[in-house]
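Only one structure is covered here, and it is reproduced in the block below.
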Amino acid sequence: MALTPTQLEDQFVALIPMTTEHVHPLFQAGKDLSIWKWTTSNYCESIETTRVWVNDCLDRQSRGALVPMVILDRRTQEIVGSTSYLNIDLEHKSIEIGYTFLTPKAQRTHVNRRCKLLLLSHAFEFLALNRVQLQTHEKNDKSRNAIQGIGAKFEGITRYCRIQQDGSIRSSAIYSIIQPEWAQVKSNLQEKIRVYTH
């Protein structure tokens, strides 16, 4: 069984199923090169690379391997990035949140935590999953701090698991949230969001 693309939203952000109509706004959101420093490739290097990436995401979605979404800032009505469900294992009730990028002006705002709250709530409460995984480059301190800030627990380093766009070999820091932790993680995350937006 494949996951059905579903729009997730609150009053400030919306996660909208990706379509080919999002190529240009994703390219605009992802033009800043600093976004891609720690990634295996720059999906928004040009309008054409963005189009190829979106089509690849949609192909993987059709095979049940990915659920790609664009991130809409509802205050400005701008697409400010993208995120996905991946490594989907419904048999063992496990999923990963990843392939996330935010345009610089949306970083270190409420947007990331609100998106994660929507994704995690859907995973644990609607899909009834047991585990949600997140990962990032071992050396990407900004991303690691953000992941820890939503309440995920560090599990360890997967060593030399990817080749980066510059040819370097990446080791990934692995984090997770599991179902018994979810109620407390959700409460803490809601409080952080409440404090930030008031």
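Chain identifiers are assigned as A, B, and so on, following the order in which chains appear in the structure tokens; residues are numbered from 1 within each chain, and ligands are numbered from 1 in order of appearance.
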
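Taking only C-alpha atoms, the non-local environment of Ser187 (chain A) within 12 Å (same-chain residues fewer than 6 positions away omitted) comprises Leu117, Ser121, Ile150, Gly151, Glu181, Ile193 and Arg194 of chain A.
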
Next on the checklist: Using only C-alpha atoms, which protein or nucleic acid residues come within 9 Å of Asp32 (chain A)? Drop anything in the same chain fewer than 5 positions from it, and give the result as a PyMOL selection string.
Outcome noted: chain A and resi 44-45+103-104

Just the residues within 7 Å of Thr40 (chain A), please, counting only C-alpha atoms, with nothing from its chain fewer than 3 positions along; format it as a tab-separated table (two decimals) with all heavy atoms, in the first residue's frame.
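Output contents, as saved in out-v3.tsv:
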```tsv
chain	number	residue	atom	x	y	z
A	163	ILE	N	28.09	9.86	-1.33
A	163	ILE	CA	29.09	10.69	-1.99
A	163	ILE	C	28.44	12.03	-2.30
A	163	ILE	O	27.42	12.10	-2.97
A	163	ILE	CB	29.61	10.03	-3.28
A	163	ILE	CG1	30.28	8.68	-2.95
A	163	ILE	CG2	30.60	10.94	-3.99
A	163	ILE	CD1	30.71	7.89	-4.16
A	164	GLN	N	29.06	13.11	-1.80
A	164	GLN	CA	28.53	14.45	-1.98
A	164	GLN	C	28.80	14.96	-3.39
A	164	GLN	O	29.61	14.40	-4.13
A	164	GLN	CB	29.16	15.40	-0.95
A	164	GLN	CG	28.88	15.03	0.49
A	164	GLN	CD	27.42	15.25	0.86
A	164	GLN	OE1	26.61	14.32	0.82
A	164	GLN	NE2	27.08	16.47	1.22
A	165	GLN	N	28.14	16.06	-3.74
A	165	GLN	CA	28.29	16.64	-5.08
A	165	GLN	C	29.72	17.11	-5.35
A	165	GLN	O	30.15	17.17	-6.50
A	165	GLN	CB	27.31	17.77	-5.28
A	165	GLN	CG	27.36	18.87	-4.24
A	165	GLN	CD	26.20	19.84	-4.36
A	165	GLN	OE1	25.63	20.02	-5.43
A	165	GLN	NE2	25.85	20.47	-3.25
```

Checklist entry - Which polymer residues have any atom within 7 Å of an atom of region 3-14 of chain A, counting only C-alpha atoms, with same-chain residues fewer than 4 positions away left out, as a VMD selection string? => result chain A and resid 64 67 71 to 75 111 118

For the selection you just gave me, I'd like the residues written to a file as a tab-separated table (two decimals), in the first residue's frame, keeping C-alpha atoms.
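Output file out_37.tsv is given in full below:
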```tsv
chain	number	residue	atom	x	y	z
A	64	GLY	CA	5.40	4.31	-3.49
A	67	VAL	CA	5.82	11.49	-0.76
A	71	ILE	CA	6.27	24.19	1.93
A	72	LEU	CA	3.97	27.21	1.69
A	73	ASP	CA	4.34	30.14	4.08
A	74	ARG	CA	0.69	31.07	4.41
A	75	ARG	CA	1.48	34.59	5.65
A	111	VAL	CA	8.33	27.33	9.73
A	118	LEU	CA	2.41	18.49	10.97
```

Checklist entry - Skipping near chain neighbours, those fewer than 4 positions away, what residues fall within 7 Å of Asn140 (chain A) using only C-alpha atoms, listed as a VMD selection string? => result chain A and resid 38 136 144

Item to check | In region 152-189 of chain A, DSSP alpha helix (DSSP H) residues written as a ChimeraX atom specification | outcome: /A:182-189

Output file for the selection above: N, CA, C and O atoms, as an mmCIF file, in the first residue's frame:
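Wrote it out as result_23.cif, contents follow:
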```cif
data_model
loop_
_atom_site.group_PDB
_atom_site.id
_atom_site.type_symbol
_atom_site.label_atom_id
_atom_site.label_comp_id
_atom_site.auth_asym_id
_atom_site.auth_seq_id
_atom_site.Cartn_x
_atom_site.Cartn_y
_atom_site.Cartn_z
ATOM 1 N N TRP A 182 6.166 10.051 21.636
ATOM 2 C CA TRP A 182 5.497 11.057 20.829
ATOM 3 C C TRP A 182 4.688 12.065 21.646
ATOM 4 O O TRP A 182 4.741 13.276 21.407
ATOM 5 N N ALA A 183 3.930 11.618 22.636
ATOM 6 C CA ALA A 183 3.083 12.543 23.389
ATOM 7 C C ALA A 183 3.918 13.654 24.037
ATOM 8 O O ALA A 183 3.552 14.838 23.970
ATOM 9 N N GLN A 184 5.059 13.298 24.628
ATOM 10 C CA GLN A 184 5.909 14.294 25.264
ATOM 11 C C GLN A 184 6.600 15.175 24.234
ATOM 12 O O GLN A 184 6.702 16.398 24.405
ATOM 13 N N VAL A 185 7.076 14.554 23.140
ATOM 14 C CA VAL A 185 7.710 15.328 22.072
ATOM 15 C C VAL A 185 6.720 16.342 21.502
ATOM 16 O O VAL A 185 7.048 17.518 21.293
ATOM 17 N N LYS A 186 5.483 15.902 21.275
ATOM 18 C CA LYS A 186 4.460 16.792 20.721
ATOM 19 C C LYS A 186 4.180 17.960 21.662
ATOM 20 O O LYS A 186 4.123 19.123 21.229
ATOM 21 N N SER A 187 4.031 17.669 22.950
ATOM 22 C CA SER A 187 3.758 18.718 23.925
ATOM 23 C C SER A 187 4.889 19.747 23.965
ATOM 24 O O SER A 187 4.637 20.966 23.957
ATOM 25 N N ASN A 188 6.118 19.270 23.980
ATOM 26 C CA ASN A 188 7.270 20.173 24.010
ATOM 27 C C ASN A 188 7.359 21.014 22.742
ATOM 28 O O ASN A 188 7.665 22.211 22.793
ATOM 29 N N LEU A 189 7.096 20.377 21.599
ATOM 30 C CA LEU A 189 7.175 21.080 20.322
ATOM 31 C C LEU A 189 6.079 22.132 20.213
ATOM 32 O O LEU A 189 6.320 23.265 19.755
#
```

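With only C-alpha atoms taken into account, the protein and nucleic acid residues at most 10 Å from Arg108 (chain A) (excluding it and anything under 6 positions from it in its own chain) are Leu102, Lys142 and Ala146 of chain A.
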
Checklist entry - Which residues come within 8 Å of Ser82 (chain A), counting only C-alpha atoms, excluding same-chain residues fewer than 3 positions away, as a ChimeraX atom specification? => result /A:26,68-71,99-102

With N, CA and C atoms retained, could you export that selection as a CSV table (one decimal), in the first residue's frame?
```csv
chain,number,residue,atom,x,y,z
A,26,LEU,N,9.9,26.4,-6.7
A,26,LEU,CA,10.9,25.7,-6.0
A,26,LEU,C,12.3,26.2,-6.4
A,68,PRO,N,6.6,13.6,-1.8
A,68,PRO,CA,7.2,14.9,-1.8
A,68,PRO,C,6.2,16.0,-1.6
A,69,MET,N,6.6,17.0,-0.9
A,69,MET,CA,5.7,18.2,-0.6
A,69,MET,C,6.4,19.5,-0.7
A,70,VAL,N,5.7,20.5,-1.1
A,70,VAL,CA,6.3,21.9,-1.1
A,70,VAL,C,5.8,22.6,0.2
A,71,ILE,N,6.6,23.5,0.7
A,71,ILE,CA,6.3,24.2,1.9
A,71,ILE,C,5.8,25.6,1.6
A,99,TYR,N,14.9,15.1,2.8
A,99,TYR,CA,15.0,15.9,1.6
A,99,TYR,C,14.4,17.3,1.8
A,100,THR,N,14.7,17.8,3.0
A,100,THR,CA,14.1,19.1,3.4
A,100,THR,C,15.0,20.2,3.1
A,101,PHE,N,14.5,21.3,2.5
A,101,PHE,CA,15.3,22.5,2.4
A,101,PHE,C,14.3,23.7,2.6
A,102,LEU,N,14.9,24.7,3.1
A,102,LEU,CA,14.2,26.0,3.3
A,102,LEU,C,15.0,27.1,2.8
```

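Each of A:Asn87, A:Ser62, A:Thr39, A:Gln77 was compared to Ile169 (chain A) using only C-alpha atoms, and A:Thr39 turns out to be the nearest.
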
Enumerate the residues of region 1-155 of chain A with a DSSP assignment of strand (DSSP E), computed from the backbone, and present them as a short mmCIF file (atom, residue, chain, number, x, y, z; two decimals) with all heavy atoms, in the first residue's frame.
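Final output, selection_29.cif:
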```cif
data_model
loop_
_atom_site.label_atom_id
_atom_site.label_comp_id
_atom_site.auth_asym_id
_atom_site.auth_seq_id
_atom_site.Cartn_x
_atom_site.Cartn_y
_atom_site.Cartn_z
N LEU A 8 -1.23 18.94 4.38
CA LEU A 8 -1.19 19.13 5.82
C LEU A 8 -0.99 20.61 6.08
O LEU A 8 -0.15 21.25 5.45
CB LEU A 8 -0.04 18.33 6.44
CG LEU A 8 0.03 16.84 6.10
CD1 LEU A 8 1.30 16.22 6.66
CD2 LEU A 8 -1.21 16.10 6.62
N GLU A 9 -1.74 21.18 7.03
CA GLU A 9 -1.63 22.62 7.22
C GLU A 9 -2.08 23.06 8.61
O GLU A 9 -2.85 22.37 9.28
CB GLU A 9 -2.44 23.36 6.17
CG GLU A 9 -3.93 23.05 6.18
CD GLU A 9 -4.66 23.68 5.02
OE1 GLU A 9 -4.08 24.55 4.34
OE2 GLU A 9 -5.81 23.30 4.79
N VAL A 13 1.49 27.58 8.04
CA VAL A 13 2.20 26.86 6.97
C VAL A 13 1.29 25.80 6.36
O VAL A 13 0.36 25.31 7.01
CB VAL A 13 3.51 26.20 7.47
CG1 VAL A 13 4.47 27.24 8.01
CG2 VAL A 13 3.22 25.12 8.50
N ALA A 14 1.60 25.44 5.13
CA ALA A 14 0.90 24.33 4.47
C ALA A 14 1.93 23.47 3.75
O ALA A 14 2.86 23.99 3.13
CB ALA A 14 -0.14 24.84 3.49
N LEU A 15 1.76 22.16 3.87
CA LEU A 15 2.56 21.20 3.13
C LEU A 15 1.67 20.65 2.03
O LEU A 15 0.69 19.95 2.29
CB LEU A 15 3.04 20.08 4.06
CG LEU A 15 3.94 20.53 5.21
CD1 LEU A 15 4.21 19.39 6.17
CD2 LEU A 15 5.25 21.09 4.68
N ILE A 16 2.03 20.99 0.79
CA ILE A 16 1.17 20.72 -0.36
C ILE A 16 1.83 19.64 -1.23
O ILE A 16 3.03 19.74 -1.51
CB ILE A 16 0.98 22.01 -1.19
CG1 ILE A 16 0.37 23.11 -0.30
CG2 ILE A 16 0.13 21.75 -2.42
CD1 ILE A 16 0.39 24.48 -0.94
N PRO A 17 1.07 18.63 -1.65
CA PRO A 17 1.66 17.62 -2.54
C PRO A 17 2.33 18.27 -3.74
O PRO A 17 1.76 19.13 -4.41
CB PRO A 17 0.45 16.77 -2.95
CG PRO A 17 -0.49 16.89 -1.79
CD PRO A 17 -0.33 18.30 -1.30
N LEU A 66 8.28 7.59 -2.19
CA LEU A 66 8.48 8.96 -1.73
C LEU A 66 7.13 9.69 -1.72
O LEU A 66 6.27 9.40 -2.55
CB LEU A 66 9.43 9.69 -2.69
CG LEU A 66 9.98 11.06 -2.30
CD1 LEU A 66 11.03 10.91 -1.20
CD2 LEU A 66 10.60 11.75 -3.51
N VAL A 67 6.97 10.58 -0.75
CA VAL A 67 5.82 11.49 -0.76
C VAL A 67 6.38 12.91 -0.66
O VAL A 67 6.66 13.42 0.43
CB VAL A 67 4.85 11.22 0.40
CG1 VAL A 67 3.67 12.19 0.34
CG2 VAL A 67 4.34 9.78 0.35
N PRO A 68 6.61 13.57 -1.81
CA PRO A 68 7.23 14.91 -1.81
C PRO A 68 6.19 16.01 -1.64
O PRO A 68 5.08 15.95 -2.17
CB PRO A 68 7.87 14.98 -3.20
CG PRO A 68 6.96 14.14 -4.06
CD PRO A 68 6.41 13.06 -3.18
N MET A 69 6.57 17.03 -0.86
CA MET A 69 5.68 18.16 -0.59
C MET A 69 6.43 19.47 -0.73
O MET A 69 7.64 19.51 -0.49
CB MET A 69 5.12 18.05 0.83
CG MET A 69 4.18 16.88 1.05
SD MET A 69 3.98 16.48 2.81
CE MET A 69 5.22 15.20 2.98
N VAL A 70 5.72 20.51 -1.08
CA VAL A 70 6.29 21.85 -1.06
C VAL A 70 5.78 22.55 0.19
O VAL A 70 4.70 22.25 0.70
CB VAL A 70 5.96 22.67 -2.32
CG1 VAL A 70 6.52 22.00 -3.55
CG2 VAL A 70 4.46 22.88 -2.46
N ILE A 71 6.59 23.47 0.71
CA ILE A 71 6.27 24.19 1.93
C ILE A 71 5.79 25.59 1.57
O ILE A 71 6.53 26.37 0.97
CB ILE A 71 7.50 24.27 2.86
CG1 ILE A 71 8.00 22.87 3.22
CG2 ILE A 71 7.16 25.07 4.12
CD1 ILE A 71 9.37 22.86 3.89
N LEU A 72 4.56 25.90 1.94
CA LEU A 72 3.97 27.21 1.69
C LEU A 72 3.92 28.00 2.99
O LEU A 72 3.38 27.53 4.00
CB LEU A 72 2.55 27.06 1.14
CG LEU A 72 1.76 28.36 0.91
CD1 LEU A 72 2.31 29.12 -0.29
CD2 LEU A 72 0.27 28.08 0.75
N ASP A 73 4.50 29.21 2.98
CA ASP A 73 4.34 30.14 4.08
C ASP A 73 3.01 30.85 3.85
O ASP A 73 2.87 31.65 2.92
CB ASP A 73 5.50 31.14 4.11
CG ASP A 73 5.46 32.07 5.31
OD1 ASP A 73 4.35 32.33 5.84
OD2 ASP A 73 6.52 32.56 5.72
N GLU A 78 4.06 32.34 -0.23
CA GLU A 78 5.25 31.97 -0.99
C GLU A 78 5.64 30.52 -0.71
O GLU A 78 5.57 30.07 0.44
CB GLU A 78 6.43 32.86 -0.63
CG GLU A 78 6.35 34.27 -1.13
CD GLU A 78 7.60 35.05 -0.75
OE1 GLU A 78 7.86 35.22 0.46
OE2 GLU A 78 8.31 35.48 -1.68
N ILE A 79 6.09 29.81 -1.74
CA ILE A 79 6.73 28.52 -1.57
C ILE A 79 8.13 28.80 -1.02
O ILE A 79 8.92 29.50 -1.65
CB ILE A 79 6.82 27.74 -2.89
CG1 ILE A 79 5.41 27.49 -3.47
CG2 ILE A 79 7.59 26.44 -2.70
CD1 ILE A 79 4.52 26.62 -2.62
N VAL A 80 8.45 28.24 0.15
CA VAL A 80 9.73 28.55 0.80
C VAL A 80 10.63 27.32 0.92
O VAL A 80 11.72 27.40 1.50
CB VAL A 80 9.51 29.17 2.20
CG1 VAL A 80 8.84 30.53 2.06
CG2 VAL A 80 8.71 28.25 3.11
N GLY A 81 10.22 26.20 0.34
CA GLY A 81 11.07 25.01 0.39
C GLY A 81 10.30 23.75 0.10
O GLY A 81 9.19 23.79 -0.45
N SER A 82 10.89 22.64 0.50
CA SER A 82 10.30 21.33 0.22
C SER A 82 10.70 20.34 1.31
O SER A 82 11.71 20.52 1.99
CB SER A 82 10.79 20.82 -1.14
OG SER A 82 10.27 19.52 -1.40
N THR A 83 9.89 19.31 1.48
CA THR A 83 10.20 18.21 2.39
C THR A 83 9.50 16.97 1.88
O THR A 83 8.63 17.06 1.01
CB THR A 83 9.79 18.55 3.84
OG1 THR A 83 10.35 17.60 4.74
CG2 THR A 83 8.28 18.56 4.00
N SER A 84 9.87 15.81 2.42
CA SER A 84 9.30 14.55 1.93
C SER A 84 9.21 13.51 3.04
O SER A 84 9.99 13.53 4.00
CB SER A 84 10.16 13.96 0.81
OG SER A 84 10.19 14.78 -0.33
N TYR A 85 8.29 12.58 2.87
CA TYR A 85 8.36 11.29 3.53
C TYR A 85 9.15 10.37 2.60
O TYR A 85 8.90 10.35 1.38
CB TYR A 85 6.98 10.68 3.73
CG TYR A 85 6.13 11.27 4.82
CD1 TYR A 85 4.80 11.60 4.58
CD2 TYR A 85 6.62 11.43 6.12
CE1 TYR A 85 3.98 12.10 5.59
CE2 TYR A 85 5.81 11.93 7.14
CZ TYR A 85 4.50 12.25 6.87
OH TYR A 85 3.69 12.75 7.87
N LEU A 86 10.08 9.58 3.14
CA LEU A 86 10.84 8.62 2.35
C LEU A 86 11.17 7.41 3.21
O LEU A 86 10.78 7.35 4.39
CB LEU A 86 12.12 9.26 1.81
CG LEU A 86 13.14 9.76 2.84
CD1 LEU A 86 14.56 9.60 2.29
CD2 LEU A 86 12.90 11.22 3.18
N ASN A 87 11.88 6.46 2.63
CA ASN A 87 12.17 5.20 3.33
C ASN A 87 10.92 4.69 4.04
O ASN A 87 10.91 4.39 5.23
CB ASN A 87 13.34 5.38 4.32
CG ASN A 87 14.65 5.59 3.60
OD1 ASN A 87 14.86 5.08 2.50
ND2 ASN A 87 15.54 6.35 4.20
N ILE A 88 9.86 4.59 3.26
CA ILE A 88 8.54 4.24 3.76
C ILE A 88 8.44 2.72 3.95
O ILE A 88 8.60 1.96 2.99
CB ILE A 88 7.45 4.73 2.79
CG1 ILE A 88 7.54 6.25 2.62
CG2 ILE A 88 6.06 4.31 3.25
CD1 ILE A 88 6.83 6.78 1.39
N ASP A 89 8.19 2.29 5.16
CA ASP A 89 8.06 0.86 5.47
C ASP A 89 6.81 0.68 6.32
O ASP A 89 6.87 0.66 7.56
CB ASP A 89 9.30 0.35 6.21
CG ASP A 89 9.29 -1.16 6.39
OD1 ASP A 89 8.21 -1.78 6.22
OD2 ASP A 89 10.34 -1.73 6.72
N SER A 94 7.35 2.30 9.92
CA SER A 94 8.50 3.19 10.02
C SER A 94 8.56 4.10 8.80
O SER A 94 8.19 3.69 7.69
CB SER A 94 9.78 2.37 10.14
OG SER A 94 10.92 3.19 10.14
N ILE A 95 9.06 5.31 9.01
CA ILE A 95 9.16 6.27 7.90
C ILE A 95 10.28 7.25 8.23
O ILE A 95 10.71 7.36 9.38
CB ILE A 95 7.82 7.01 7.72
CG1 ILE A 95 7.61 7.48 6.29
CG2 ILE A 95 7.68 8.19 8.70
CD1 ILE A 95 6.17 7.89 5.99
N GLU A 96 10.76 7.93 7.20
CA GLU A 96 11.76 8.99 7.41
C GLU A 96 11.22 10.30 6.88
O GLU A 96 10.48 10.34 5.88
CB GLU A 96 13.07 8.64 6.70
CG GLU A 96 14.18 9.65 6.92
CD GLU A 96 15.52 9.22 6.36
OE1 GLU A 96 15.77 8.00 6.24
OE2 GLU A 96 16.33 10.11 6.02
N ILE A 97 11.56 11.39 7.55
CA ILE A 97 11.31 12.74 7.05
C ILE A 97 12.63 13.28 6.56
O ILE A 97 13.62 13.29 7.30
CB ILE A 97 10.74 13.65 8.15
CG1 ILE A 97 9.37 13.16 8.61
CG2 ILE A 97 10.65 15.10 7.65
CD1 ILE A 97 8.85 13.88 9.85
N GLY A 98 12.67 13.71 5.30
CA GLY A 98 13.94 14.19 4.78
C GLY A 98 13.80 14.94 3.47
O GLY A 98 12.72 15.36 3.08
N TYR A 99 14.94 15.08 2.77
CA TYR A 99 15.02 15.89 1.56
C TYR A 99 14.41 17.27 1.82
O TYR A 99 13.70 17.83 0.98
CB TYR A 99 14.32 15.20 0.39
CG TYR A 99 14.94 13.91 -0.05
CD1 TYR A 99 14.13 12.85 -0.47
CD2 TYR A 99 16.31 13.72 -0.02
CE1 TYR A 99 14.69 11.65 -0.87
CE2 TYR A 99 16.88 12.52 -0.41
CZ TYR A 99 16.06 11.49 -0.83
OH TYR A 99 16.62 10.31 -1.21
N THR A 100 14.69 17.81 3.00
CA THR A 100 14.10 19.08 3.41
C THR A 100 15.05 20.23 3.10
O THR A 100 16.23 20.16 3.40
CB THR A 100 13.79 19.08 4.92
OG1 THR A 100 12.90 17.99 5.21
CG2 THR A 100 13.14 20.39 5.34
N PHE A 101 14.52 21.27 2.47
CA PHE A 101 15.28 22.50 2.36
C PHE A 101 14.34 23.69 2.57
O PHE A 101 13.15 23.62 2.27
CB PHE A 101 16.02 22.61 1.01
CG PHE A 101 15.21 23.18 -0.13
CD1 PHE A 101 15.11 24.55 -0.33
CD2 PHE A 101 14.57 22.34 -1.04
CE1 PHE A 101 14.39 25.08 -1.40
CE2 PHE A 101 13.84 22.85 -2.11
CZ PHE A 101 13.75 24.23 -2.28
N LEU A 102 14.89 24.75 3.13
CA LEU A 102 14.17 26.00 3.32
C LEU A 102 15.00 27.14 2.76
O LEU A 102 16.22 27.19 2.94
CB LEU A 102 13.91 26.27 4.80
CG LEU A 102 12.79 25.47 5.48
CD1 LEU A 102 12.83 25.70 6.98
CD2 LEU A 102 11.43 25.85 4.92
N ARG A 131 7.79 4.61 14.34
CA ARG A 131 9.09 5.25 14.31
C ARG A 131 9.16 6.25 13.17
O ARG A 131 8.70 5.97 12.04
CB ARG A 131 10.19 4.18 14.11
CG ARG A 131 11.58 4.72 13.82
CD ARG A 131 12.55 3.56 13.48
NE ARG A 131 13.82 4.07 12.95
CZ ARG A 131 14.86 4.45 13.69
NH1 ARG A 131 14.79 4.37 15.00
NH2 ARG A 131 15.95 4.91 13.13
N VAL A 132 9.74 7.41 13.46
CA VAL A 132 10.07 8.40 12.43
C VAL A 132 11.55 8.70 12.55
O VAL A 132 12.04 9.05 13.63
CB VAL A 132 9.24 9.68 12.59
CG1 VAL A 132 9.70 10.72 11.55
CG2 VAL A 132 7.76 9.40 12.45
N GLN A 133 12.25 8.58 11.44
CA GLN A 133 13.70 8.82 11.40
C GLN A 133 13.99 10.14 10.69
O GLN A 133 13.27 10.55 9.78
CB GLN A 133 14.40 7.68 10.67
CG GLN A 133 15.91 7.88 10.51
CD GLN A 133 16.59 6.66 9.93
OE1 GLN A 133 16.69 5.63 10.56
NE2 GLN A 133 17.07 6.79 8.68
N LEU A 134 15.08 10.79 11.11
CA LEU A 134 15.61 11.96 10.43
C LEU A 134 17.11 11.81 10.37
O LEU A 134 17.71 11.20 11.26
CB LEU A 134 15.25 13.25 11.17
CG LEU A 134 13.76 13.50 11.43
CD1 LEU A 134 13.40 13.11 12.86
CD2 LEU A 134 13.38 14.95 11.18
N GLN A 135 17.73 12.34 9.33
CA GLN A 135 19.18 12.28 9.26
C GLN A 135 19.73 13.51 8.56
O GLN A 135 19.02 14.19 7.82
CB GLN A 135 19.65 11.01 8.53
CG GLN A 135 19.24 10.89 7.08
CD GLN A 135 19.89 9.69 6.41
OE1 GLN A 135 21.11 9.62 6.29
NE2 GLN A 135 19.06 8.75 6.00
N THR A 136 21.01 13.77 8.80
CA THR A 136 21.67 14.90 8.17
C THR A 136 23.18 14.63 8.13
O THR A 136 23.65 13.67 8.75
CB THR A 136 21.38 16.21 8.94
OG1 THR A 136 21.86 17.31 8.18
CG2 THR A 136 22.04 16.21 10.31
N HIS A 137 23.89 15.46 7.41
CA HIS A 137 25.34 15.34 7.35
C HIS A 137 25.92 15.44 8.75
O HIS A 137 25.52 16.30 9.54
CB HIS A 137 25.91 16.45 6.46
CG HIS A 137 27.32 16.24 6.02
ND1 HIS A 137 28.38 16.20 6.90
CD2 HIS A 137 27.86 16.09 4.77
CE1 HIS A 137 29.50 16.03 6.24
NE2 HIS A 137 29.22 15.96 4.94
N LYS A 153 15.88 11.95 19.11
CA LYS A 153 17.03 11.43 19.85
C LYS A 153 18.11 10.95 18.89
O LYS A 153 17.83 10.27 17.90
CB LYS A 153 16.59 10.29 20.77
CG LYS A 153 15.72 10.77 21.92
CD LYS A 153 15.46 9.66 22.92
CE LYS A 153 14.65 10.19 24.10
NZ LYS A 153 14.37 9.12 25.10
N PHE A 154 19.34 11.28 19.22
CA PHE A 154 20.49 10.88 18.42
C PHE A 154 20.75 9.39 18.60
O PHE A 154 20.81 8.89 19.71
CB PHE A 154 21.72 11.69 18.84
CG PHE A 154 23.00 11.29 18.17
CD1 PHE A 154 23.14 11.39 16.79
CD2 PHE A 154 24.07 10.80 18.91
CE1 PHE A 154 24.32 11.03 16.16
CE2 PHE A 154 25.26 10.45 18.30
CZ PHE A 154 25.38 10.57 16.92
N GLU A 155 20.88 8.68 17.48
CA GLU A 155 21.12 7.24 17.53
C GLU A 155 22.56 6.86 17.20
O GLU A 155 23.05 5.85 17.65
CB GLU A 155 20.18 6.51 16.56
CG GLU A 155 18.73 6.58 16.97
CD GLU A 155 17.85 5.69 16.12
OE1 GLU A 155 18.25 5.36 14.98
OE2 GLU A 155 16.76 5.32 16.59
#
```
